[in-house]
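Shown here: structure16.txt, compact mmCIF, C-alpha atoms.
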# COMPACT_ATOMS: atom_id res chain seq x y z
CA MET A 1 14.59 16.80 7.28
CA ASN A 2 17.83 15.73 8.95
CA ALA A 3 20.67 18.08 8.01
CA GLU A 4 23.06 15.23 7.21
CA ILE A 5 20.78 13.73 4.57
CA ARG A 6 21.81 14.87 1.10
CA THR A 7 19.32 14.64 -1.78
CA ASP A 8 18.85 16.35 -5.13
CA ALA A 9 16.53 19.33 -5.38
CA ALA A 10 13.58 17.44 -6.87
CA LEU A 11 13.61 14.72 -4.22
CA ARG A 12 14.15 17.30 -1.47
CA ALA A 13 11.01 19.10 -2.64
CA HIS A 14 9.06 15.84 -2.48
CA ILE A 15 10.36 15.13 1.02
CA ASP A 16 9.59 18.62 2.26
CA ALA A 17 6.04 18.37 0.89
CA LEU A 18 5.58 14.95 2.51
CA GLU A 19 6.89 16.10 5.88
CA ALA A 20 4.52 19.07 5.75
CA LEU A 21 1.49 17.01 4.72
CA LEU A 22 1.75 14.23 7.30
CA PRO A 23 1.48 16.47 10.41
CA ARG A 24 -1.47 18.27 8.81
CA ILE A 25 -3.27 14.97 8.30
CA ALA A 26 -2.55 13.99 11.90
CA ALA A 27 -3.83 17.33 13.20
CA GLU A 28 -6.90 17.82 10.99
CA PHE A 29 -8.10 14.24 10.53
CA ALA A 30 -7.36 12.48 13.80
CA PRO A 31 -7.54 9.60 14.20
CA ALA A 32 -5.75 8.84 10.93
CA THR A 33 -4.17 5.54 9.96
CA PHE A 34 -1.77 4.30 7.32
CA ALA A 35 -2.49 1.03 5.49
CA SER A 36 0.94 -0.37 4.69
CA SER A 37 1.43 -3.15 2.16
CA LEU A 38 5.11 -3.21 3.22
CA SER A 39 6.07 -2.13 -0.31
CA ILE A 40 8.99 0.22 -1.00
CA GLU A 41 6.52 3.10 -1.27
CA ASP A 42 4.97 2.21 2.05
CA MET A 43 8.38 2.02 3.67
CA VAL A 44 8.92 5.66 2.67
CA LEU A 45 5.73 6.60 4.51
CA THR A 46 6.55 4.33 7.44
CA ASP A 47 9.93 6.00 7.85
CA ALA A 48 8.50 9.52 7.52
CA ILE A 49 5.80 8.80 10.12
CA LEU A 50 7.95 6.97 12.66
CA ARG A 51 11.14 8.98 12.28
CA ASN A 52 9.24 12.22 12.74
CA LYS A 53 7.00 10.75 15.47
CA ILE A 54 3.78 11.73 13.72
CA ASP A 55 0.55 10.61 15.36
CA ILE A 56 -0.68 8.35 12.55
CA SER A 57 -1.14 4.68 13.33
CA ILE A 58 0.21 2.02 10.96
CA PHE A 59 -1.22 -1.40 10.13
CA THR A 60 -0.80 -4.08 7.50
CA LEU A 61 -3.06 -6.81 6.15
CA ASP A 62 -1.72 -10.31 6.76
CA THR A 63 -3.75 -12.26 4.21
CA GLY A 64 -2.35 -15.65 5.18
CA ARG A 65 -0.78 -16.04 1.73
CA MET A 66 2.09 -13.56 2.03
CA HIS A 67 5.75 -14.26 1.23
CA GLY A 68 7.96 -14.87 4.23
CA ASP A 69 10.22 -12.04 3.01
CA THR A 70 7.26 -9.67 3.09
CA MET A 71 6.29 -10.47 6.66
CA ALA A 72 9.96 -10.20 7.68
CA VAL A 73 9.66 -6.47 6.95
CA VAL A 74 7.39 -6.17 10.01
CA ASP A 75 10.26 -7.40 12.18
CA ALA A 76 12.68 -5.07 10.40
CA ILE A 77 10.43 -2.10 11.23
CA GLY A 78 10.38 -3.13 14.87
CA ALA A 79 14.16 -3.47 14.95
CA LYS A 80 14.84 -0.07 13.35
CA TYR A 81 12.11 2.09 14.86
CA GLY A 82 11.11 0.22 18.01
CA GLU A 83 7.48 0.18 16.86
CA THR A 84 5.07 -2.70 16.35
CA ILE A 85 2.91 -2.65 13.23
CA ARG A 86 -0.61 -3.94 13.87
CA LEU A 87 -1.69 -6.92 11.76
CA TYR A 88 -5.25 -7.47 10.53
CA ARG A 89 -6.11 -10.97 9.33
CA PRO A 90 -9.11 -12.42 7.45
CA GLU A 91 -11.93 -14.17 9.25
CA PRO A 92 -10.99 -17.89 9.40
CA ALA A 93 -14.56 -19.05 8.69
CA ALA A 94 -14.75 -17.00 5.48
CA VAL A 95 -11.40 -18.33 4.27
CA HIS A 96 -12.46 -21.90 5.07
CA GLN A 97 -15.72 -21.54 3.17
CA TYR A 98 -14.01 -20.12 0.08
CA VAL A 99 -11.39 -22.87 0.04
CA THR A 100 -14.00 -25.59 0.62
CA VAL A 101 -16.35 -24.39 -2.12
CA TYR A 102 -13.93 -23.16 -4.78
CA GLY A 103 -10.47 -24.49 -3.89
CA ARG A 104 -7.48 -22.76 -2.33
CA ASP A 105 -6.17 -21.30 -5.61
CA ALA A 106 -9.49 -20.73 -7.38
CA PHE A 107 -8.51 -17.11 -8.07
CA TYR A 108 -6.63 -18.28 -11.17
CA GLN A 109 -9.92 -19.38 -12.74
CA SER A 110 -11.63 -15.99 -13.14
CA VAL A 111 -11.46 -12.32 -12.18
CA GLU A 112 -14.63 -12.79 -10.14
CA LEU A 113 -13.14 -15.57 -8.02
CA ARG A 114 -9.91 -13.61 -7.63
CA LYS A 115 -11.78 -10.53 -6.44
CA SER A 116 -13.84 -12.69 -4.09
CA CYS A 117 -10.63 -13.98 -2.54
CA CYS A 118 -9.33 -10.40 -2.22
CA GLU A 119 -12.60 -9.37 -0.59
CA ILE A 120 -12.18 -12.03 2.10
CA ARG A 121 -8.46 -11.69 2.67
CA LYS A 122 -7.99 -7.94 2.21
CA VAL A 123 -11.12 -5.80 1.89
CA GLU A 124 -13.05 -7.12 4.90
CA PRO A 125 -10.01 -6.82 7.21
CA LEU A 126 -9.48 -3.29 5.87
CA ARG A 127 -13.03 -2.36 6.89
CA ARG A 128 -12.21 -3.40 10.44
CA ALA A 129 -8.93 -1.48 10.38
CA LEU A 130 -10.62 1.72 9.19
CA LYS A 131 -13.51 1.58 11.66
CA ASP A 132 -13.84 4.86 13.58
CA LYS A 133 -11.00 6.49 11.61
CA ARG A 134 -11.34 9.88 9.90
CA ALA A 135 -8.61 9.41 7.28
CA TRP A 136 -6.41 6.72 5.81
CA LEU A 137 -3.18 6.86 3.85
CA THR A 138 -1.74 4.64 1.12
CA GLY A 139 1.53 4.50 -0.80
CA MET A 140 -0.05 4.39 -4.26
CA ARG A 141 1.63 6.27 -7.13
CA ARG A 142 0.23 7.43 -10.47
CA GLU A 143 2.91 5.81 -12.61
CA GLN A 144 2.35 2.34 -11.15
CA SER A 145 -0.38 1.32 -13.61
CA VAL A 146 -3.03 2.47 -16.06
CA THR A 147 -5.65 2.21 -13.31
CA ARG A 148 -3.80 4.79 -11.19
CA ASN A 149 -2.71 7.47 -13.66
CA GLU A 150 -5.26 10.02 -12.39
CA LEU A 151 -4.70 9.31 -8.71
CA ALA A 152 -5.35 12.28 -6.41
CA ILE A 153 -3.14 13.15 -3.46
CA GLN A 154 -6.30 13.76 -1.44
CA ALA A 155 -9.84 12.53 -2.08
CA PHE A 156 -12.93 11.58 -0.14
CA ASP A 157 -13.35 7.81 -0.06
CA SER A 158 -17.08 7.28 -0.61
CA VAL A 159 -16.84 3.52 0.02
CA PHE A 160 -15.33 3.73 3.51
CA GLY A 161 -16.71 7.18 4.28
CA LEU A 162 -13.51 8.97 5.24
CA GLU A 163 -10.75 11.11 3.74
CA LYS A 164 -8.06 9.30 1.80
CA PHE A 165 -4.52 10.47 1.15
CA ASN A 166 -1.98 9.18 -1.38
CA PRO A 167 1.04 11.32 -0.39
CA LEU A 168 3.37 9.71 -2.95
CA ALA A 169 0.98 10.02 -5.90
CA ASP A 170 3.40 12.17 -7.90
CA TRP A 171 6.61 10.38 -6.86
CA SER A 172 8.57 8.30 -9.35
CA GLU A 173 9.98 4.86 -8.60
CA GLU A 174 13.43 6.45 -8.72
CA ASP A 175 12.35 8.96 -6.05
CA VAL A 176 11.26 6.10 -3.81
CA TRP A 177 14.54 4.22 -4.11
CA ALA A 178 16.54 7.41 -3.58
CA TYR A 179 14.63 8.10 -0.36
CA LEU A 180 15.19 4.56 0.94
CA LYS A 181 18.91 4.89 0.27
CA ALA A 182 19.18 8.38 1.78
CA TYR A 183 17.48 7.35 5.04
CA ASP A 184 18.74 3.75 5.17
CA VAL A 185 15.21 2.37 5.24
CA PRO A 186 14.71 -1.43 5.29
CA TYR A 187 12.76 -3.00 2.41
CA ASN A 188 11.45 -6.34 1.20
CA ALA A 189 14.29 -8.57 -0.08
CA LEU A 190 12.07 -9.74 -2.96
CA TYR A 191 12.78 -6.45 -4.75
CA ASP A 192 16.36 -7.65 -5.18
CA GLN A 193 14.96 -10.73 -6.96
CA GLY A 194 13.13 -8.80 -9.68
CA TYR A 195 9.81 -8.10 -7.98
CA ARG A 196 8.45 -4.54 -8.36
CA SER A 197 4.93 -4.93 -6.92
CA ILE A 198 4.36 -7.51 -4.22
CA GLY A 199 1.10 -8.88 -2.87
CA CYS A 200 0.13 -12.42 -1.94
CA ALA A 201 2.72 -15.01 -2.94
CA PRO A 202 0.60 -16.89 -5.50
CA CYS A 203 -0.48 -13.60 -7.11
CA SER A 204 2.94 -11.97 -7.49
CA ARG A 205 5.92 -12.70 -9.72
CA PRO A 206 9.12 -10.90 -10.75
CA VAL A 207 8.94 -8.66 -13.81
CA VAL A 208 11.19 -8.63 -16.84
CA ALA A 209 12.73 -5.73 -18.76
CA GLY A 210 10.12 -3.59 -20.47
CA GLU A 211 7.20 -4.60 -18.24
CA ASP A 212 5.42 -2.02 -16.12
CA VAL A 213 5.65 -1.87 -12.33
CA ARG A 214 2.54 -3.96 -11.66
CA ALA A 215 2.98 -6.48 -14.47
CA GLY A 216 3.85 -9.12 -11.89
CA ARG A 217 0.56 -8.71 -10.00
CA TRP A 218 -2.25 -11.00 -11.21
CA TRP A 219 -0.21 -11.42 -14.40
CA TRP A 220 -2.84 -13.68 -15.94
CA GLU A 221 -5.39 -10.81 -16.03
CA HIS A 222 -5.79 -7.75 -18.26
CA PRO A 223 -4.15 -4.58 -16.83
CA GLU A 224 -7.51 -2.83 -16.51
CA SER A 225 -8.73 -5.36 -13.92
CA LYS A 226 -5.68 -5.25 -11.67
CA GLU A 227 -7.12 -3.78 -8.50
CA CYS A 228 -8.00 -5.88 -5.46
CA GLY A 229 -10.97 -3.85 -4.25
CA LEU A 230 -9.22 -1.82 -1.58
CA HIS A 231 -9.21 1.34 -3.66
CA VAL A 232 -12.20 1.15 -5.99
CA GLY A 233 -15.46 3.08 -5.86
CA PRO A 234 -19.05 1.85 -6.08
CA ASP A 235 -18.67 1.59 -9.88
CA GLY A 236 -15.79 -0.87 -9.51
CA LYS A 237 -13.23 1.64 -10.79
CA LEU A 238 -10.40 3.34 -8.92
CA GLN A 239 -11.68 6.42 -7.06
CA ARG A 240 -10.23 9.53 -8.66
CA SER A 241 -12.31 12.41 -7.25
CA LYS A 242 -10.05 15.28 -6.25
CA ALA A 243 -10.15 17.63 -3.30
CA THR A 244 -8.08 20.63 -2.35
CA PRO A 245 -5.03 19.42 -0.38

Please go through the file and, once you have read it, give me the structure as structure tokens.
Amino acid sequence: MNAEIRTDAALRAHIDALEALLPRIAAEFAPATFASSLSIEDMVLTDAILRNKIDISIFTLDTGRMHGDTMAVVDAIGAKYGETIRLYRPEPAAVHQYVTVYGRDAFYQSVELRKSCCEIRKVEPLRRALKDKRAWLTGMRREQSVTRNELAIQAFDSVFGLEKFNPLADWSEEDVWAYLKAYDVPYNALYDQGYRSIGCAPCSRPVVAGEDVRAGRWWWEHPESKECGLHVGPDGKLQRSKATP
């Protein structure tokens, strides 16, 4: 950690643990990759990886329905760190078929159609991004939602067949913001407009006082269904199996 960066003891412990874990992942699970959603959590990991020059590649999923402010973060990363984040996009033919058969915004009609859209725009591109990798990282945190409250820092992903790390699992939202401030990390401008969890534009909205972090994602659905398919196991539930870090 840079000597000039001042943080409280709790956050410093989180940062020290993170900066110890990332090189271990790079050394023991090469090639490893980080799937960034360009969220505030993922900007913490992006900064820690790029600032410390850790050999973990970074990519993001450009679904074709993202906010302009979200995609602007890619340019901000390039400007600050001099690195280009790889973009994975959905197969045009699959998108065309979905829109032709169901309609562009059919995901509002049912959970099944919403998950089908996520499969095309997010899950299938993720499969391509993870091909031939031994580990992948995410910025998920336990306190984000009821579906993530047992999230492990390290677990074997039985769907994609590789090790999965959630280095910020035990971080609070306050920890994340404190890190971004301490290291002057760029972030999505939509957070300043009341957003706290940001995905595709038609599936995200700002939250109001008293709502949880992910209340603005797929707000028309029950909280228990609010996963896109990127992180669920064969049973359709979030993978929670733990391994020794």

### Query
Which residues come within 8 Å of range 19-30 of chain A, counting only C-alpha atoms, excluding same-chain residues fewer than 3 positions away, as a list of chain:residue names?
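Here the answer would be A:Met1, A:Ile15, A:Asp16, A:Ala48, A:Ile49, A:Ile54, A:Asp55, A:Ile56, A:Lys133, A:Arg134, A:Ala135, A:Glu163, A:Pro167.
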
### Message
Env of Ala129 in chain A: 10 Å cut, atoms = all atoms listed in the file, seq-sep filter 6 positions within chain, self excluded. Answer as a PyMOL selection string.
### Response
chain A and resi 33-35+58-61+86-89+123+136

### Query
Looking at all atoms listed in the file, which of A:Ala169, A:Val185, A:Leu38, A:Pro223 is the one that sits closest to Ile85 in chain A?
A:Leu38

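For the atom pair formed by CA of Glu83 in chain A and CA of Leu130 in chain A, the distance is 19.7 Å, given to one decimal.
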
Counting all atoms listed in the file, which residues of range 73-168 of chain A sit at most 12 Å from some atom of range 214-220 of chain A, and what is each one's closest atom pair with its distance in Å to one decimal, listed by chain and rising residue number, as a Markdown table?
| residue | atom | partner | partner_atom | distance |
| --- | --- | --- | --- | --- |
| A:Phe107 | CA | A:Trp218 | CA | 9.3 |
| A:Tyr108 | CA | A:Trp220 | CA | 7.6 |
| A:Gln109 | CA | A:Trp220 | CA | 9.6 |
| A:Ser110 | CA | A:Trp220 | CA | 9.5 |
| A:Val111 | CA | A:Trp218 | CA | 9.4 |
| A:Arg114 | CA | A:Trp218 | CA | 8.8 |
| A:Lys115 | CA | A:Trp218 | CA | 10.7 |
| A:Cys118 | CA | A:Trp218 | CA | 11.5 |
| A:Met140 | CA | A:Arg214 | CA | 11.5 |
| A:Arg141 | CA | A:Arg214 | CA | 11.2 |
| A:Arg142 | CA | A:Arg214 | CA | 11.7 |
| A:Glu143 | CA | A:Arg214 | CA | 9.8 |
| A:Gln144 | CA | A:Arg214 | CA | 6.3 |
| A:Ser145 | CA | A:Arg214 | CA | 6.3 |
| A:Val146 | CA | A:Arg214 | CA | 9.6 |
| A:Thr147 | CA | A:Arg214 | CA | 10.4 |
| A:Arg148 | CA | A:Arg214 | CA | 10.8 |

### Message
Just to confirm, what's the straight-line distance from CA of Ala201 in chain A to CA of Pro125 in chain A in Å (one decimal)?
### Response
18.2 Å

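Rounded to one decimal, CA of Gly199 in chain A and CA of Thr63 in chain A lie 9.2 Å from each other.
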
### Query
Quick one: residues within 12 Å of Ala93 in chain A, only C-alpha atoms counted, chain neighbours fewer than 6 positions away excluded, as a list in words?
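Neighbouring residues, sequence-local ones excluded: Val99, Thr100, Ile120 and Arg121 of chain A.
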
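Proximity ranking of A:Leu126, A:Val213, A:Ala106, A:Ala72 relative to Glu174 in chain A places A:Val213 first, based on only C-alpha atoms.
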
## Note on the structure
Leu190 in chain A proximity check over A:Leu151, A:Met66, A:Leu162, A:Val44, using all atoms listed in the file: winner is A:Met66

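Compared by their closest atoms to Thr46 in chain A, and using all atoms listed in the file, the residues A:Cys200, A:Leu180, A:Trp171, A:Ala10 rank with A:Leu180 nearest.
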
Incomplete range 178-210 of chain A filled out to N, CA and C atoms as a compact mmCIF listing (two decimals), in the frame of the given file:
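As written to disk, selection-v1.txt reads:
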# COMPACT_ATOMS: atom_id res chain seq x y z
N ALA A 178 15.60 6.41 -4.08
CA ALA A 178 16.54 7.41 -3.58
C ALA A 178 16.27 7.74 -2.12
N TYR A 179 14.99 7.83 -1.76
CA TYR A 179 14.63 8.10 -0.36
C TYR A 179 15.09 6.95 0.53
N LEU A 180 14.81 5.71 0.12
CA LEU A 180 15.19 4.56 0.94
C LEU A 180 16.70 4.53 1.18
N LYS A 181 17.45 4.87 0.14
CA LYS A 181 18.91 4.89 0.27
C LYS A 181 19.36 6.02 1.18
N ALA A 182 18.77 7.21 1.00
CA ALA A 182 19.18 8.38 1.78
C ALA A 182 18.94 8.18 3.27
N TYR A 183 17.84 7.52 3.63
CA TYR A 183 17.48 7.35 5.04
C TYR A 183 17.75 5.94 5.57
N ASP A 184 18.39 5.12 4.75
CA ASP A 184 18.74 3.75 5.17
C ASP A 184 17.52 3.00 5.69
N VAL A 185 16.49 2.98 4.86
CA VAL A 185 15.21 2.37 5.24
C VAL A 185 15.20 0.90 4.82
N PRO A 186 14.79 -0.02 5.68
CA PRO A 186 14.71 -1.43 5.29
C PRO A 186 13.62 -1.65 4.25
N TYR A 187 13.78 -2.69 3.43
CA TYR A 187 12.76 -3.00 2.41
C TYR A 187 12.73 -4.50 2.16
N ASN A 188 11.68 -4.93 1.50
CA ASN A 188 11.45 -6.34 1.20
C ASN A 188 12.56 -6.89 0.28
N ALA A 189 13.19 -7.99 0.69
CA ALA A 189 14.29 -8.57 -0.08
C ALA A 189 13.85 -9.07 -1.45
N LEU A 190 12.54 -9.26 -1.65
CA LEU A 190 12.07 -9.74 -2.96
C LEU A 190 12.33 -8.73 -4.07
N TYR A 191 12.46 -7.44 -3.72
CA TYR A 191 12.78 -6.45 -4.75
C TYR A 191 14.13 -6.74 -5.38
N ASP A 192 15.04 -7.31 -4.65
CA ASP A 192 16.36 -7.65 -5.18
C ASP A 192 16.32 -8.90 -6.06
N GLN A 193 15.14 -9.55 -6.12
CA GLN A 193 14.96 -10.73 -6.96
C GLN A 193 14.09 -10.44 -8.19
N GLY A 194 13.87 -9.17 -8.47
CA GLY A 194 13.13 -8.80 -9.68
C GLY A 194 11.68 -8.45 -9.48
N TYR A 195 11.18 -8.52 -8.25
CA TYR A 195 9.81 -8.10 -7.98
C TYR A 195 9.75 -6.57 -7.95
N ARG A 196 8.64 -6.00 -8.43
CA ARG A 196 8.45 -4.54 -8.36
C ARG A 196 7.12 -4.16 -7.75
N SER A 197 6.21 -5.11 -7.61
CA SER A 197 4.93 -4.93 -6.92
C SER A 197 4.60 -6.25 -6.27
N ILE A 198 4.43 -6.24 -4.96
CA ILE A 198 4.36 -7.51 -4.22
C ILE A 198 3.08 -7.58 -3.40
N GLY A 199 2.29 -8.61 -3.66
CA GLY A 199 1.10 -8.88 -2.87
C GLY A 199 1.19 -10.28 -2.32
N CYS A 200 0.11 -11.03 -2.38
CA CYS A 200 0.13 -12.42 -1.94
C CYS A 200 1.09 -13.22 -2.81
N ALA A 201 1.70 -14.24 -2.23
CA ALA A 201 2.72 -15.01 -2.94
C ALA A 201 2.21 -15.63 -4.24
N PRO A 202 1.04 -16.28 -4.25
CA PRO A 202 0.60 -16.89 -5.50
C PRO A 202 0.13 -15.89 -6.55
N CYS A 203 0.02 -14.63 -6.19
CA CYS A 203 -0.48 -13.60 -7.11
C CYS A 203 0.59 -12.59 -7.50
N SER A 204 1.84 -12.88 -7.18
CA SER A 204 2.94 -11.97 -7.49
C SER A 204 4.08 -12.75 -8.14
N ARG A 205 4.73 -12.12 -9.10
CA ARG A 205 5.92 -12.70 -9.72
C ARG A 205 6.90 -11.59 -10.05
N PRO A 206 8.17 -11.93 -10.30
CA PRO A 206 9.12 -10.90 -10.75
C PRO A 206 8.71 -10.39 -12.13
N VAL A 207 9.20 -9.20 -12.48
CA VAL A 207 8.94 -8.66 -13.81
C VAL A 207 10.21 -8.74 -14.64
N VAL A 208 10.05 -8.61 -15.94
CA VAL A 208 11.19 -8.63 -16.84
C VAL A 208 11.33 -7.26 -17.48
N ALA A 209 12.46 -7.02 -18.14
CA ALA A 209 12.73 -5.73 -18.76
C ALA A 209 11.61 -5.33 -19.71
N GLY A 210 11.16 -4.10 -19.59
CA GLY A 210 10.12 -3.59 -20.47
C GLY A 210 8.72 -3.69 -19.91
